[in-house]
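Structure data (compact mmCIF, C-alpha atoms and all ligand atoms) from protein38.txt:
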```
# COMPACT_ATOMS: atom_id res chain seq x y z
CA MET S 237 7.72 -15.09 6.97
CA MET S 238 7.76 -14.89 3.22
CA ALA S 239 6.78 -11.47 1.95
CA PRO S 240 3.22 -11.71 0.63
CA SER S 241 4.06 -9.15 -2.04
CA ARG S 242 6.63 -6.41 -2.42
CA ALA S 243 7.38 -4.38 0.70
CA PRO S 244 4.97 -1.54 1.37
CA LEU S 245 6.15 1.80 0.02
CA VAL S 246 6.08 4.71 2.46
CA LEU S 247 6.51 8.27 1.19
CA VAL S 248 8.13 10.63 3.70
CA VAL S 249 7.44 14.31 3.06
CA GLU S 250 9.54 16.52 5.30
CA ASP S 251 11.61 19.58 4.41
CA GLU S 252 14.06 19.22 7.29
CA GLU S 253 16.64 16.81 6.02
CA ALA S 254 17.74 15.43 9.41
CA GLN S 255 14.14 14.60 10.38
CA ARG S 256 13.44 13.14 6.96
CA GLU S 257 16.45 10.85 7.17
CA VAL S 258 15.66 9.67 10.71
CA LEU S 259 12.16 8.75 9.57
CA ALA S 260 13.41 7.05 6.41
CA TYR S 261 16.04 5.12 8.37
CA ASN S 262 13.50 3.80 10.86
CA LEU S 263 10.96 2.90 8.20
CA GLU S 264 13.61 1.00 6.24
CA ALA S 265 14.61 -0.80 9.44
CA GLU S 266 10.97 -1.94 9.69
CA GLY S 267 11.33 -3.50 6.24
CA PHE S 268 9.47 -0.86 4.26
CA ASP S 269 10.55 0.72 1.01
CA VAL S 270 10.86 4.47 1.40
CA SER S 271 10.60 7.35 -1.03
CA ARG S 272 11.34 10.91 0.01
CA ALA S 273 10.13 14.39 -0.82
CA ALA S 274 11.44 17.70 0.56
CA ASP S 275 8.44 19.86 -0.34
CA GLY S 276 4.82 19.70 -1.36
CA GLU S 277 5.37 19.81 -5.11
CA GLU S 278 7.94 17.07 -4.96
CA ALA S 279 5.49 15.03 -2.88
CA LEU S 280 2.81 15.32 -5.58
CA ASP S 281 5.38 14.31 -8.23
CA ARG S 282 6.45 11.25 -6.20
CA VAL S 283 2.84 10.15 -5.77
CA ALA S 284 2.19 10.51 -9.49
CA GLU S 285 5.32 8.50 -10.37
CA MET S 286 4.78 5.69 -7.90
CA PRO S 287 1.72 5.71 -5.65
CA PRO S 288 2.82 4.86 -2.09
CA ASP S 289 0.93 2.67 0.38
CA VAL S 290 1.18 5.27 3.17
CA ILE S 291 2.28 8.92 3.27
CA VAL S 292 3.89 10.55 6.29
CA LEU S 293 3.31 14.22 5.59
CA ASP S 294 4.68 17.20 7.46
CA TRP S 295 2.29 20.13 7.85
CA MET S 296 4.92 22.87 7.51
CA LEU S 297 6.47 22.68 4.06
CA PRO S 298 7.78 25.32 1.69
CA HIS S 299 5.68 26.30 -1.37
CA VAL S 300 2.75 23.89 -1.20
CA SER S 301 1.84 23.15 2.44
CA GLY S 302 1.18 19.68 3.82
CA ILE S 303 -2.48 20.54 4.22
CA GLU S 304 -2.76 21.51 0.58
CA VAL S 305 -0.97 18.32 -0.53
CA CYS S 306 -3.37 16.29 1.61
CA ARG S 307 -6.41 18.07 0.22
CA ARG S 308 -5.31 17.61 -3.39
CA LEU S 309 -4.58 13.90 -2.92
CA LYS S 310 -7.89 13.29 -1.18
CA LEU S 311 -9.78 15.02 -4.00
CA LYS S 312 -8.45 12.70 -6.70
CA PRO S 313 -10.19 9.32 -6.98
CA GLU S 314 -6.92 7.56 -7.86
CA THR S 315 -5.07 8.79 -4.74
CA ARG S 316 -7.98 9.16 -2.30
CA GLY S 317 -7.40 5.73 -0.79
CA VAL S 318 -3.74 6.31 0.13
CA PRO S 319 -3.61 6.76 3.92
CA ILE S 320 -2.00 10.01 5.08
CA ILE S 321 -0.45 10.52 8.50
CA MET S 322 -0.03 14.23 9.13
CA LEU S 323 2.80 15.54 11.30
CA SER S 324 2.36 18.85 13.03
CA ALA S 325 4.33 20.91 15.51
CA ARG S 326 1.58 21.62 18.02
CA SER S 327 -1.66 20.02 19.08
CA GLU S 328 -3.55 23.24 18.22
CA GLU S 329 -2.50 22.62 14.64
CA VAL S 330 -4.00 19.16 14.80
CA ASP S 331 -7.28 20.74 15.89
CA ARG S 332 -7.04 23.16 13.00
CA VAL S 333 -6.17 20.56 10.41
CA ARG S 334 -9.11 18.45 11.63
CA GLY S 335 -11.33 21.51 11.39
CA LEU S 336 -10.18 22.10 7.84
CA GLU S 337 -11.36 18.64 6.89
CA THR S 338 -8.33 17.82 4.82
CA GLY S 339 -9.18 14.14 5.02
CA ALA S 340 -5.93 13.09 6.72
CA ASP S 341 -6.26 9.60 8.19
CA ASP S 342 -4.19 10.19 11.31
CA TYR S 343 -2.34 13.00 13.08
CA VAL S 344 0.90 12.93 15.06
CA VAL S 345 2.22 15.85 17.09
CA LYS S 346 5.94 16.71 17.07
CA PRO S 347 8.09 15.80 18.87
CA TYR S 348 6.80 12.27 18.37
CA SER S 349 8.28 8.98 19.47
CA ILE S 350 9.54 6.90 16.57
CA VAL S 351 8.03 3.78 18.15
CA GLU S 352 4.61 5.40 18.20
CA LEU S 353 4.90 6.70 14.65
CA MET S 354 5.91 3.23 13.39
CA ALA S 355 2.85 1.78 15.13
CA ARG S 356 0.66 4.37 13.41
CA VAL S 357 2.20 3.51 10.02
CA ARG S 358 1.52 -0.20 10.60
CA ALA S 359 -2.05 0.61 11.65
CA GLN S 360 -2.64 2.40 8.33
CA LEU S 361 -1.05 -0.47 6.41
CA ARG S 362 -3.38 -2.90 8.13
CA ARG S 363 -6.11 -1.11 6.19
CA SER S 364 -4.33 -0.40 2.91
CA ARG S 365 -2.04 -3.45 2.65
CA PRO S 366 -3.32 -6.01 5.16
CA ALA S 367 -1.28 -8.95 3.85
CA SER S 368 1.94 -6.95 4.18
CA VAL S 369 1.55 -6.82 7.95
CA GLY S 370 0.59 -10.47 8.34
CA GLU S 371 -3.20 -10.20 8.50
CA VAL S 372 -5.44 -13.08 7.51
CA LEU S 373 -7.40 -12.28 4.38
CA VAL S 374 -10.76 -13.82 3.60
CA PHE S 375 -12.70 -13.70 0.35
CA GLU S 376 -15.80 -15.89 0.14
CA ASP S 377 -14.54 -19.42 0.89
CA ILE S 378 -10.87 -18.53 0.31
CA ARG S 379 -8.67 -17.80 3.29
CA LEU S 380 -5.07 -16.60 3.06
CA ASP S 381 -2.84 -16.40 6.09
CA ALA S 382 0.13 -14.19 5.23
CA GLU S 383 1.99 -15.16 8.40
CA THR S 384 1.87 -18.95 8.02
CA HIS S 385 1.73 -18.76 4.21
CA ARG S 386 -1.30 -21.05 4.09
CA VAL S 387 -4.18 -20.79 1.68
CA THR S 388 -7.39 -22.75 2.08
CA ARG S 389 -10.57 -22.91 0.03
CA GLY S 390 -13.46 -24.34 1.99
CA ASP S 391 -11.78 -26.93 4.19
CA ARG S 392 -9.09 -27.86 1.66
CA GLU S 393 -5.58 -26.56 1.72
CA LEU S 394 -4.30 -25.22 -1.60
CA LYS S 395 -0.71 -25.49 -2.73
CA LEU S 396 0.41 -22.31 -4.43
CA GLY S 397 3.77 -21.31 -5.83
CA PRO S 398 5.34 -18.16 -4.33
CA THR S 399 4.29 -15.97 -7.26
CA GLU S 400 0.71 -17.26 -7.24
CA PHE S 401 0.62 -16.69 -3.48
CA ARG S 402 1.69 -13.05 -3.85
CA LEU S 403 -0.73 -12.57 -6.71
CA LEU S 404 -3.63 -13.94 -4.66
CA ALA S 405 -2.63 -11.83 -1.62
CA THR S 406 -2.61 -8.71 -3.80
CA LEU S 407 -6.04 -9.48 -5.28
CA MET S 408 -7.48 -10.37 -1.86
CA GLU S 409 -6.31 -7.11 -0.32
CA LYS S 410 -8.72 -5.22 -2.56
CA PRO S 411 -11.60 -7.39 -3.74
CA GLY S 412 -13.44 -5.83 -6.65
CA ARG S 413 -10.58 -3.59 -7.64
CA VAL S 414 -9.52 -3.89 -11.27
CA TRP S 415 -5.75 -4.21 -11.54
CA THR S 416 -3.94 -3.54 -14.80
CA ARG S 417 -1.22 -5.99 -15.76
CA GLU S 418 1.38 -3.26 -15.15
CA GLN S 419 0.07 -2.65 -11.64
CA LEU S 420 0.20 -6.34 -10.88
CA LEU S 421 3.74 -6.59 -12.24
CA ASP S 422 4.77 -3.74 -9.96
CA ARG S 423 3.04 -5.14 -6.91
CA VAL S 424 3.75 -8.84 -7.28
CA TRP S 425 7.10 -8.94 -9.05
CA GLY S 426 8.52 -5.64 -7.81
CA ARG S 427 9.07 -2.41 -9.59
CA GLU S 428 12.56 -3.34 -10.72
CA ALA S 429 11.34 -6.33 -12.66
CA PHE S 430 11.30 -5.70 -16.39
CA LEU S 431 8.92 -8.40 -17.46
CA ASP S 432 6.43 -8.76 -20.23
CA THR S 433 2.83 -8.22 -19.13
CA ARG S 434 2.03 -11.67 -20.56
CA THR S 435 3.87 -13.03 -17.50
CA VAL S 436 0.89 -11.83 -15.50
CA ASP S 437 -1.53 -13.81 -17.69
CA VAL S 438 0.54 -16.96 -17.26
CA HIS S 439 0.51 -16.72 -13.47
CA VAL S 440 -3.16 -15.73 -13.29
CA GLY S 441 -3.83 -18.91 -15.29
CA ARG S 442 -1.85 -20.98 -12.79
CA LEU S 443 -3.60 -19.33 -9.86
CA ARG S 444 -7.01 -20.04 -11.39
CA LYS S 445 -6.07 -23.67 -11.86
CA ALA S 446 -4.90 -23.99 -8.25
CA LEU S 447 -8.02 -22.28 -6.89
CA GLY S 448 -10.28 -24.53 -8.94
CA ARG S 449 -8.46 -27.77 -8.20
CA HIS S 450 -11.16 -29.01 -5.83
CA GLY S 451 -14.07 -27.34 -7.59
CA GLY S 452 -15.74 -24.03 -6.90
CA GLU S 453 -16.35 -21.11 -9.19
CA ASP S 454 -13.53 -19.09 -10.70
CA PRO S 455 -13.34 -16.01 -8.43
CA ILE S 456 -11.02 -14.08 -10.77
CA ARG S 457 -12.62 -11.85 -13.33
CA THR S 458 -10.87 -10.90 -16.56
CA VAL S 459 -11.80 -7.33 -17.42
CA ARG S 460 -11.43 -6.81 -21.14
CA GLY S 461 -8.99 -4.09 -22.04
CA ALA S 462 -8.25 -3.45 -18.38
CA GLY S 463 -6.88 -6.38 -16.40
CA TYR S 464 -8.00 -8.59 -13.56
CA ALA S 465 -10.15 -8.36 -10.47
CA LEU S 466 -11.21 -10.66 -7.66
CA GLY S 467 -14.98 -10.90 -7.49
CA CA M 501 8.71 21.07 8.17
```

Once more with this new file: its structure as C-alpha cells, please.
Ligand code: CA
Amino acid sequence: MMAPSRAPLVLVVEDEEAQREVLAYNLEAEGFDVSRAADGEEALDRVAEMPPDVIVLDWMLPHVSGIEVCRRLKLKPETRGVPIIMLSARSEEVDRVRGLETGADDYVVKPYSIVELMARVRAQLRRSRPASVGEVLVFEDIRLDAETHRVTRGDRELKLGPTEFRLLATLMEKPGRVWTREQLLDRVWGREAFLDTRTVDVHVGRLRKALGRHGGEDPIRTVRGAGYALG
C-alpha cells in the first residue's frame, strides 16, 4: 500500500524513560512517526512545534500533570481536535479524570497491553487521519480508497499522480478545513522537504485538472491569503 500522505505523527508523553522508549519502539514498528516528551511542559512545546495526529499522555508527570496538559490542549481551538489517549496507573484515576472533564478521547489503565494500546491509537487515527489507516474517503461524488489507491468521481476512475493522490487524501480527510501551503507541504511532501510553497499551487492545479477531466464542478476552493480547502 502506498502511503496516502506522510506517516501519522504520534507524540508520546511519559516521564519514565523505559516506558517511553517501549511505546516509541512499538509505534515506530507500526509505521508511525514518533515524537517524545518527558514532562508536561515539553509536551506543550512539542505540540506547538509540530502538531501530532495523536497524543499518548501519561497522567503522572512532573511539573505540569497530564491532566493539565490535556485540559490546556482541549481549550485551544488549534489543538482541540488532536485525539488524546490518557494513561493512568489505576482505574480509579480513570474515573477521576473522566469526572474532571479534561476532554481526553480515550483512557488506558497501566499496566496495559501494547497490542491493545496500538489498537486504541489506530482507532483514534481512524477519526483524525482516516486515509492513513486505509479507510475509504468520500466527498460528494469523489471516492478515494487509500488501500487500493483508486480514486473515482461518479462512475469514472481518475488517474492521479502520487503527489496529487496524497494531496487529495489530505484534503478529503478534513473537508471544509482551510490548509495553508506550509501545512500542505508538511503533510503531503513531508516535514523534511524544503520546497517552495509554489510547489503546492502547481500540484493543486494538476489535481483540479484531473478531477475535472470528465466534467463536474471544481471542489477545491482557493482561500485568498490563506490557502486551499475542499468544499
Ligand atoms: Ca509517569

### Task
Give me, please, the distance in Å between atom CA of S:Leu323 and atom CA of S:Val344, quoted to one decimal.
5.0 Å

### Query
Which value, in Å to one decimal, gives the distance between atom CA of S:Tyr464 and atom CA of S:Leu407?
8.6 Å

### 12 Å contact set for S:Gly461, all atoms listed in the file, chain neighbours under 6 positions out, as a PyMOL selection string
chain S and resi 414-417

Would you mind exporting C-alpha atoms of the selected residues as an mmCIF file, in the frame of the given file?
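Saved the output as again_34.cif:
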```
data_model
loop_
_atom_site.group_PDB
_atom_site.id
_atom_site.type_symbol
_atom_site.label_atom_id
_atom_site.label_comp_id
_atom_site.auth_asym_id
_atom_site.auth_seq_id
_atom_site.Cartn_x
_atom_site.Cartn_y
_atom_site.Cartn_z
ATOM 1 C CA VAL S 414 -9.520 -3.890 -11.270
ATOM 2 C CA TRP S 415 -5.750 -4.210 -11.540
ATOM 3 C CA THR S 416 -3.940 -3.540 -14.800
ATOM 4 C CA ARG S 417 -1.220 -5.990 -15.760
#
```

### Task
Can you tell me which residues come within 8 Å of ligand CA 501 (chain M) when counting all atoms listed in the file, ideally as a ChimeraX atom specification?
/S:250-252,294-298

#### Entry: Exercise: S:Glu278 partners within 12 Å, all atoms listed in the file, chain neighbours under 5 positions left out, as a ChimeraX atom specification
/S:247-251,271-273,283-285,293,297-302,305

### Query
Could you pull the residues within 9 Å of S:Arg423, counting only C-alpha atoms, minus those fewer than 5 positions along the same chain, as a PyMOL selection string?
chain S and resi 241-243+402-403+406+418

Return as lines of an AutoDock Vina configuration file the box centre and box size in Å, one decimal, for an axis-aligned box around all listed atoms of stretch 312-327 of chain S padded by 8 Å per side.
```
center_x = -2.9
center_y = 13.7
center_z = 5.6
size_x = 30.5
size_y = 31.9
size_z = 42.9
```

### Summary
One residue among S:Val374, S:Cys306, S:Ala274, S:Leu447 is nearest to S:Leu396 when using only C-alpha atoms, and that residue is S:Leu447

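With atom CA of S:Thr384 on one side and atom CA of S:Lys410 on the other, the separation reads 20.3 Å.
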
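For the set S:His439, S:Arg256, S:Arg307, S:Arg379, the residue with the smallest atom-to-atom gap to S:Val270 is S:Arg256, counting all atoms listed in the file.
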
### Message
I'd like the neighbourhood of S:Ile378 as a ChimeraX atom specification, where a residue qualifies if any of its atoms comes within 10 Å (using only C-alpha atoms), though same-chain residues fewer than 6 positions away should be ignored.
### Response
/S:387-394,404,408,447,455

Selection above as a file: C-alpha atoms, as a PDB file, in the coordinates of the input:
```pdb
ATOM      1  CA  VAL S 387      -4.180 -20.790   1.680  1.00  0.00           C
ATOM      2  CA  THR S 388      -7.390 -22.750   2.080  1.00  0.00           C
ATOM      3  CA  ARG S 389     -10.570 -22.910   0.030  1.00  0.00           C
ATOM      4  CA  GLY S 390     -13.460 -24.340   1.990  1.00  0.00           C
ATOM      5  CA  ASP S 391     -11.780 -26.930   4.190  1.00  0.00           C
ATOM      6  CA  ARG S 392      -9.090 -27.860   1.660  1.00  0.00           C
ATOM      7  CA  GLU S 393      -5.580 -26.560   1.720  1.00  0.00           C
ATOM      8  CA  LEU S 394      -4.300 -25.220  -1.600  1.00  0.00           C
ATOM      9  CA  LEU S 404      -3.630 -13.940  -4.660  1.00  0.00           C
ATOM     10  CA  MET S 408      -7.480 -10.370  -1.860  1.00  0.00           C
ATOM     11  CA  LEU S 447      -8.020 -22.280  -6.890  1.00  0.00           C
ATOM     12  CA  PRO S 455     -13.340 -16.010  -8.430  1.00  0.00           C
TER      13      PRO S 455
END
```
